[in-house]
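Engineer: What follows is data-v9.txt, compact mmCIF, C-alpha atoms.
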# COMPACT_ATOMS: atom_id res chain seq x y z
CA MET A 975 2.75 -18.75 -13.65
CA THR A 976 -0.55 -18.87 -15.54
CA SER A 977 -2.48 -15.75 -16.31
CA ALA A 978 -5.08 -14.74 -13.74
CA PRO A 979 -8.36 -13.03 -14.66
CA PRO A 980 -9.34 -9.65 -13.24
CA ALA A 981 -10.51 -9.77 -9.64
CA THR A 982 -13.87 -8.33 -8.65
CA PHE A 983 -14.34 -7.18 -5.07
CA ALA A 984 -17.17 -5.64 -3.11
CA SER A 985 -16.77 -2.01 -2.08
CA ARG A 986 -18.27 -0.75 1.18
CA ARG A 987 -16.59 2.65 1.38
CA PRO A 988 -17.83 6.01 0.05
CA PRO A 989 -15.32 8.23 -1.79
CA THR A 990 -13.56 10.61 0.58
CA GLY A 991 -10.61 11.94 -1.41
CA ILE A 992 -6.98 12.49 -0.52
CA ARG A 993 -5.37 13.47 2.78
CA ARG A 994 -1.76 14.54 3.21
CA TYR A 995 0.29 14.69 6.40
CA ALA A 996 3.67 16.40 6.69
CA ALA A 997 6.43 14.52 8.47
CA GLY A 998 5.78 14.60 12.21
CA SER A 999 2.25 15.99 11.75
CA ALA A 1000 -0.88 14.61 13.39
CA ALA A 1001 -3.42 16.72 11.48
CA PRO A 1002 -3.90 16.47 7.71
CA LEU A 1003 -3.25 19.42 5.43
CA ALA A 1004 -6.33 20.80 3.71
CA THR A 1005 -5.25 19.57 0.28
CA VAL A 1006 -2.33 17.77 -1.29
CA SER A 1007 -1.22 20.96 -3.05
CA GLU A 1008 -1.24 22.90 0.24
CA THR A 1009 2.22 21.53 1.04
CA PRO A 1010 4.73 24.36 0.53
CA PRO A 1011 7.01 23.77 -2.48
CA ASP A 1012 10.08 24.42 -0.32
CA MET A 1013 9.10 21.81 2.31
CA PRO A 1014 12.18 19.76 3.28
CA PRO A 1015 12.06 16.30 1.68
CA GLY A 1016 12.68 14.48 4.95
CA ARG A 1017 13.32 10.77 4.65
CA GLY A 1018 10.84 10.31 1.80
CA SER A 1019 7.16 10.30 0.87
CA VAL A 1020 4.67 7.44 1.11
CA LEU A 1021 1.41 7.27 -0.83
CA ILE A 1022 -1.03 4.96 0.99
CA LEU A 1023 -3.80 3.35 -1.08
CA THR A 1024 -6.57 1.98 1.11
CA GLY A 1025 -8.39 -1.32 0.68
CA ARG A 1026 -11.93 -2.56 1.25
CA GLY A 1027 -13.54 -1.15 4.35
CA GLU A 1028 -10.46 0.94 5.17
CA THR A 1029 -10.19 4.69 5.72
CA ALA A 1030 -7.37 7.03 6.69
CA ALA A 1031 -8.13 6.19 10.32
CA SER A 1032 -7.27 2.54 9.66
CA PHE A 1033 -3.66 3.58 9.04
CA GLU A 1034 -3.31 6.00 11.95
CA ARG A 1035 -0.80 3.94 13.95
CA LEU A 1036 1.29 3.16 10.89
CA ARG A 1037 1.13 6.75 9.66
CA LEU A 1038 2.25 8.16 13.00
CA ARG A 1039 5.16 5.71 13.16
CA LEU A 1040 6.35 6.63 9.67
CA ALA A 1041 5.88 10.35 10.34
CA LEU A 1042 7.94 10.05 13.51
CA ASP A 1043 10.83 8.82 11.36
CA GLY A 1044 10.50 11.75 8.96
CA TYR A 1045 8.25 10.42 6.18
CA THR A 1046 5.54 12.53 4.57
CA ILE A 1047 2.30 10.55 4.15
CA THR A 1048 -0.46 10.94 1.58
CA ILE A 1049 -3.57 8.74 1.87
CA SER A 1050 -5.86 8.10 -1.10
CA GLU A 1051 -9.22 6.60 -0.14
CA GLU A 1052 -10.79 6.97 -3.58
CA PRO A 1053 -9.81 4.73 -6.54
CA GLY A 1054 -10.95 7.51 -8.89
CA ASP A 1055 -8.20 9.91 -7.82
CA SER A 1056 -6.29 10.98 -10.92
CA VAL A 1057 -2.68 9.98 -11.49
CA SER A 1058 -1.70 13.64 -11.80
CA THR A 1059 -3.17 14.36 -8.37
CA LEU A 1060 -1.48 11.33 -6.84
CA ALA A 1061 1.82 12.42 -8.40
CA GLU A 1062 1.75 15.51 -6.19
CA ALA A 1063 2.55 13.21 -3.27
CA ARG A 1064 6.09 12.85 -4.59
CA ILE A 1065 8.70 15.12 -2.97
CA PRO A 1066 11.69 15.69 -5.29
CA GLY A 1067 15.00 14.48 -3.97
CA ALA A 1068 13.64 11.77 -1.67
CA PRO A 1069 12.37 8.19 -2.10
CA PHE A 1070 8.74 7.85 -3.17
CA ILE A 1071 6.89 4.71 -2.11
CA LEU A 1072 3.46 3.28 -2.91
CA LEU A 1073 1.89 1.41 0.00
CA GLY A 1074 -1.26 -0.53 -0.83
CA SER A 1075 -3.44 -2.58 1.50
CA ASP A 1076 -5.79 -5.30 0.23
CA ILE A 1077 -7.09 -4.16 -3.20
CA GLY A 1078 -5.09 -0.99 -2.64
CA GLY A 1079 -2.12 -3.29 -3.28
CA LEU A 1080 -3.52 -4.27 -6.67
CA ARG A 1081 -4.05 -0.59 -7.37
CA ALA A 1082 -0.45 0.15 -6.32
CA LEU A 1083 0.87 -2.46 -8.75
CA THR A 1084 -1.18 -0.92 -11.55
CA LEU A 1085 0.02 2.61 -10.71
CA ALA A 1086 3.66 1.48 -10.38
CA GLY A 1087 3.90 1.40 -14.16
CA SER A 1088 2.78 5.01 -14.57
CA PRO A 1089 5.55 7.32 -15.84
CA ALA A 1090 3.93 10.13 -13.84
CA LEU A 1091 4.49 8.34 -10.53
CA ARG A 1092 7.78 6.43 -10.95
CA PRO A 1093 7.85 4.93 -7.43
CA ASP A 1094 11.16 3.88 -5.91
CA GLY A 1095 9.51 1.00 -4.10
CA VAL A 1096 6.19 -0.65 -3.30
CA VAL A 1097 4.80 -2.06 -0.04
CA LEU A 1098 1.90 -4.52 -0.31
CA LEU A 1099 -0.16 -5.41 2.77
CA GLY A 1100 -2.32 -8.50 2.38
CA LEU A 1101 -2.12 -8.54 -1.43
CA PRO A 1102 -5.28 -10.35 -2.68
CA LEU A 1103 -4.48 -12.90 -5.36
CA LEU A 1104 -7.90 -14.58 -5.58
CA GLN A 1105 -11.31 -13.40 -6.76
CA ARG A 1106 -12.54 -13.52 -3.20
CA PRO A 1107 -14.28 -10.71 -1.28
CA ILE A 1108 -14.09 -10.09 2.44
CA THR A 1109 -16.81 -9.66 5.02
CA ALA A 1110 -16.92 -7.21 7.91
CA ASP A 1111 -14.97 -9.61 10.14
CA GLY A 1112 -12.19 -10.00 7.56
CA SER A 1113 -13.14 -13.50 6.44
CA ALA A 1114 -14.11 -14.68 2.98
CA GLY A 1115 -17.69 -13.99 1.94
CA ASN A 1116 -20.00 -13.44 -0.99
CA ILE A 1117 -19.71 -10.41 -3.22
CA GLY A 1118 -22.39 -7.91 -2.27
CA SER A 1119 -24.53 -5.82 -4.58
CA ALA A 1120 -23.37 -2.42 -3.27
CA GLY A 1121 -20.89 -2.01 -6.09
CA ALA A 1122 -17.54 -3.41 -7.10
CA SER A 1123 -14.05 -2.33 -8.05
CA VAL A 1124 -12.09 -4.28 -10.64
CA TYR A 1125 -8.30 -4.55 -10.59
CA PRO A 1126 -6.10 -7.03 -12.45
CA VAL A 1127 -4.49 -9.75 -10.38
CA PRO A 1128 -0.79 -9.64 -11.36
CA ARG A 1129 0.83 -12.50 -13.21
CA ALA A 1130 4.21 -11.26 -12.00
CA LEU A 1131 5.55 -8.45 -9.85
CA PRO A 1132 7.26 -5.40 -11.43
CA ASP A 1133 11.01 -5.03 -11.37
CA LEU A 1134 11.08 -2.74 -8.34
CA PRO A 1135 12.03 -3.11 -4.68
CA ILE A 1136 8.87 -4.61 -3.21
CA LEU A 1137 7.96 -5.58 0.34
CA LEU A 1138 4.99 -7.90 0.80
CA ILE A 1139 3.57 -8.26 4.31
CA HIS A 1140 1.09 -11.10 4.71
CA GLY A 1141 -0.85 -12.68 7.55
CA VAL A 1142 0.05 -16.30 8.21
CA ASP A 1143 -3.63 -17.23 8.58
CA ASP A 1144 -4.98 -15.08 5.73
CA GLN A 1145 -8.17 -16.72 4.43
CA VAL A 1146 -8.89 -14.10 1.76
CA SER A 1147 -5.58 -14.58 -0.07
CA PRO A 1148 -3.78 -17.66 1.29
CA LEU A 1149 -0.10 -17.20 2.07
CA PRO A 1150 1.13 -19.89 -0.40
CA LEU A 1151 -0.08 -17.74 -3.31
CA THR A 1152 2.09 -14.86 -2.16
CA GLN A 1153 5.04 -17.20 -1.68
CA MET A 1154 4.60 -18.36 -5.26
CA ILE A 1155 4.42 -14.91 -6.86
CA ILE A 1156 7.71 -13.71 -5.34
CA ARG A 1157 9.69 -16.66 -6.76
CA THR A 1158 10.29 -14.83 -10.03
CA ALA A 1159 10.73 -11.40 -8.44
CA PRO A 1160 14.34 -11.10 -7.26
CA ARG A 1161 13.79 -7.62 -5.78
CA ALA A 1162 10.74 -8.66 -3.75
CA GLN A 1163 10.82 -9.76 -0.12
CA LEU A 1164 8.12 -11.30 2.04
CA THR A 1165 7.44 -10.71 5.74
CA VAL A 1166 4.93 -13.04 7.38
CA VAL A 1167 3.11 -11.70 10.45
CA PRO A 1168 0.64 -13.23 12.91
CA GLY A 1169 -3.03 -12.84 12.09
CA GLN A 1170 -5.31 -12.93 9.08
CA HIS A 1171 -5.96 -10.61 6.15
CA ASP A 1172 -6.17 -7.24 7.92
CA VAL A 1173 -2.50 -7.01 8.92
CA ILE A 1174 -2.60 -3.32 9.92
CA ALA A 1175 -5.16 -4.09 12.64
CA GLY A 1176 -4.11 -7.62 13.56
CA PRO A 1177 -1.71 -8.93 16.21
CA GLY A 1178 1.27 -8.34 13.92
CA TYR A 1179 0.69 -4.60 13.38
CA ARG A 1180 3.92 -3.65 15.19
CA THR A 1181 5.89 -5.91 12.86
CA VAL A 1182 4.12 -4.27 9.91
CA ALA A 1183 5.38 -0.85 10.98
CA ALA A 1184 8.89 -2.04 11.81
CA SER A 1185 9.30 -4.01 8.56
CA THR A 1186 7.98 -1.10 6.50
CA LEU A 1187 10.48 1.30 8.10
CA VAL A 1188 13.40 -1.07 7.49
CA PHE A 1189 12.34 -1.39 3.86
CA LEU A 1190 11.99 2.38 3.42
CA GLU A 1191 15.39 2.99 4.92
CA SER A 1192 16.94 0.41 2.57
CA LEU A 1193 15.85 2.53 -0.40
CA HIS A 1194 18.27 5.27 0.68
CA GLN A 1195 21.10 2.91 -0.35
CA ASN A 1196 19.90 2.87 -3.95
CA PRO A 1197 19.82 5.60 -6.63
CA LEU A 1198 16.52 7.50 -6.68
CA SER A 1199 14.35 7.42 -9.75
CA GLY A 1200 13.48 11.09 -9.68
Represent the structure from my file as structure tokens, please.
Structural biologist:
Amino acid sequence: MTSAPPATFASRRPPTGIRRYAAGSAAPLATVSETPPDMPPGRGSVLILTGRGETAASFERLRLRLALDGYTITISEEPGDSVSTLAEARIPGAPFILLGSDIGGLRALTLAGSPALRPDGVVLLGLPLLQRPITADGSAGNIGSAGASVYPVPRALPDLPILLIHGVDDQVSPLPLTQMIIRTAPRAQLTVVPGQHDVIAGPGYRTVAASTLVFLESLHQNPLSG
């Protein structure tokens, strides 16, 4: 696969920081470090990295479903959050997963190589593989002047368990591009859901939650990285 240039995307979301939810919790803790050090690891911890136009509220249904099954959730809405702060989302003795939506997926792939994070798996929702922004209705549009975030479009996926969930009618990052990038990634799997780019709000959102849970549970069959 040929090398792809960095992708530039419009940003419409003010920085709001990090929110952490204990397994089974509906309300966020005040800070990431508020979590007691002796908190049971549960099934694992998931660090959600939001995309364009997304906030913690965008992931509420998915977060509640994962929490119901015993996963601790941390949501980062700000690309400037430090790696050391994000690393506090990891709970020792349980799988640690990065879940990125839209350009949050590009951010997840960048962070996956950090020795401070060492994720056991990555979930990518609507991974954008073109230099194409989105408009308020989720379709392709022109890059605005309100600011931009730059993330590298991957030439290949890392050697980790990876689940990609993509809308069959995605116009921001067409499905064939995702099908191409997983050809050389033996540990990656692709789930195609109904709808367009915003898979967590589209008609396939229930499949998104179910497929994510199946993937998370599969990580319990493999040795943990730390």
Engineer: Which residues are close to Ala1086 of chain A, i.e. within 10 Å by all atoms listed in the file, leaving aside same-chain residues fewer than 2 positions away? Reply as a PyMOL selection string.
Structural biologist: chain A and resi 1071-1072+1080-1084+1088-1096+1132-1134
Engineer: Work out how far atom CA of Ala1041 of chain A is from atom CA of Leu1103 of chain A, in Å to one decimal.
Structural biologist: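 Atom CA of Ala1041 of chain A lies 29.9 Å from atom CA of Leu1103 of chain A.
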Engineer: From the set A:Pro1135, A:Gly1074, A:Gly1100, A:Gly1079, which residue has the shortest atom-to-atom contact distance to Gln1170 of chain A, counting only C-alpha atoms?
Structural biologist: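 Smallest distance to Gln1170 of chain A is found for A:Gly1100.
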Engineer: Could you please determine the separation between atom CA of Gln1153 of chain A and atom CA of Ala1184 of chain A in Å, to one decimal place?
Structural biologist: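 Result for atom CA of Gln1153 of chain A versus atom CA of Ala1184 of chain A: 20.7 Å, one decimal.
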Engineer: If we count only C-alpha atoms and set the cut-off at 9 Å, which residues sit around segment 1137-1142 of chain A, ignoring sequence neighbours fewer than 2 positions away in its own chain? Please answer as a ChimeraX atom specification.
Structural biologist: /A:1095-1101,1135,1144-1145,1147-1149,1152,1156,1161-1173,1176,1178,1182,1185-1186,1189
Engineer: Work out how far apart atom CA of His1194 of chain A and atom CA of Ser1075 of chain A are and give it in Å to one decimal.
Structural biologist: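 It comes out at 23.1 Å.
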Engineer: Using only C-alpha atoms, which residue out of A:Gly1078, A:Pro1126, A:Pro1150, A:Pro1160 lies closest to Leu1021 of chain A?
Structural biologist: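 Closest to Leu1021 of chain A, using only C-alpha atoms: A:Gly1078.
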Engineer: Could you check the closest approach to Ser1032 of chain A for each of A:Ala1175, A:Asp1076, A:Met1154, A:Ala1063 and tell me which residue wins, using all atoms listed in the file?
Structural biologist: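 The shortest atom-to-atom distance to Ser1032 of chain A comes from A:Ala1175.
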Engineer: Taking (8.9, 8.8, -4.4) in the file's own coordinates, collect the residues within 7 Å, counting all atoms listed in the file, and hand them back as an mmCIF file with C-alpha atoms, in the coordinates of the input.
Structural biologist:
data_model
loop_
_atom_site.group_PDB
_atom_site.id
_atom_site.type_symbol
_atom_site.label_atom_id
_atom_site.label_comp_id
_atom_site.auth_asym_id
_atom_site.auth_seq_id
_atom_site.Cartn_x
_atom_site.Cartn_y
_atom_site.Cartn_z
ATOM 1 C CA GLY A 1018 10.840 10.310 1.800
ATOM 2 C CA SER A 1019 7.160 10.300 0.870
ATOM 3 C CA ARG A 1064 6.090 12.850 -4.590
ATOM 4 C CA ILE A 1065 8.700 15.120 -2.970
ATOM 5 C CA ALA A 1068 13.640 11.770 -1.670
ATOM 6 C CA PRO A 1069 12.370 8.190 -2.100
ATOM 7 C CA PHE A 1070 8.740 7.850 -3.170
ATOM 8 C CA ILE A 1071 6.890 4.710 -2.110
ATOM 9 C CA PRO A 1093 7.850 4.930 -7.430
ATOM 10 C CA ASP A 1094 11.160 3.880 -5.910
#
Engineer: Of the candidates A:Leu1151, A:Val1146, A:Leu1073, A:Ala1061, which one gets nearest to Pro1128 of chain A if we count only C-alpha atoms?
Structural biologist: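 Of A:Leu1151, A:Val1146, A:Leu1073, A:Ala1061, the one nearest Pro1128 of chain A, counting only C-alpha atoms, is A:Leu1151.
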Engineer: Smallest atom-to-atom distance to Gly1025 of chain A: which of A:Val1127, A:Leu1038, A:Ile1155, A:Ile1077, using all atoms listed in the file?
Structural biologist: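 Once distances to Gly1025 of chain A are computed over all atoms listed in the file, the minimum belongs to A:Ile1077.
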Engineer: Pick from A:Pro1102, A:Val1057, A:Thr1158, A:Ser1050: nearest to Glu1028 of chain A, with all atoms listed in the file counted?
Structural biologist: A:Ser1050
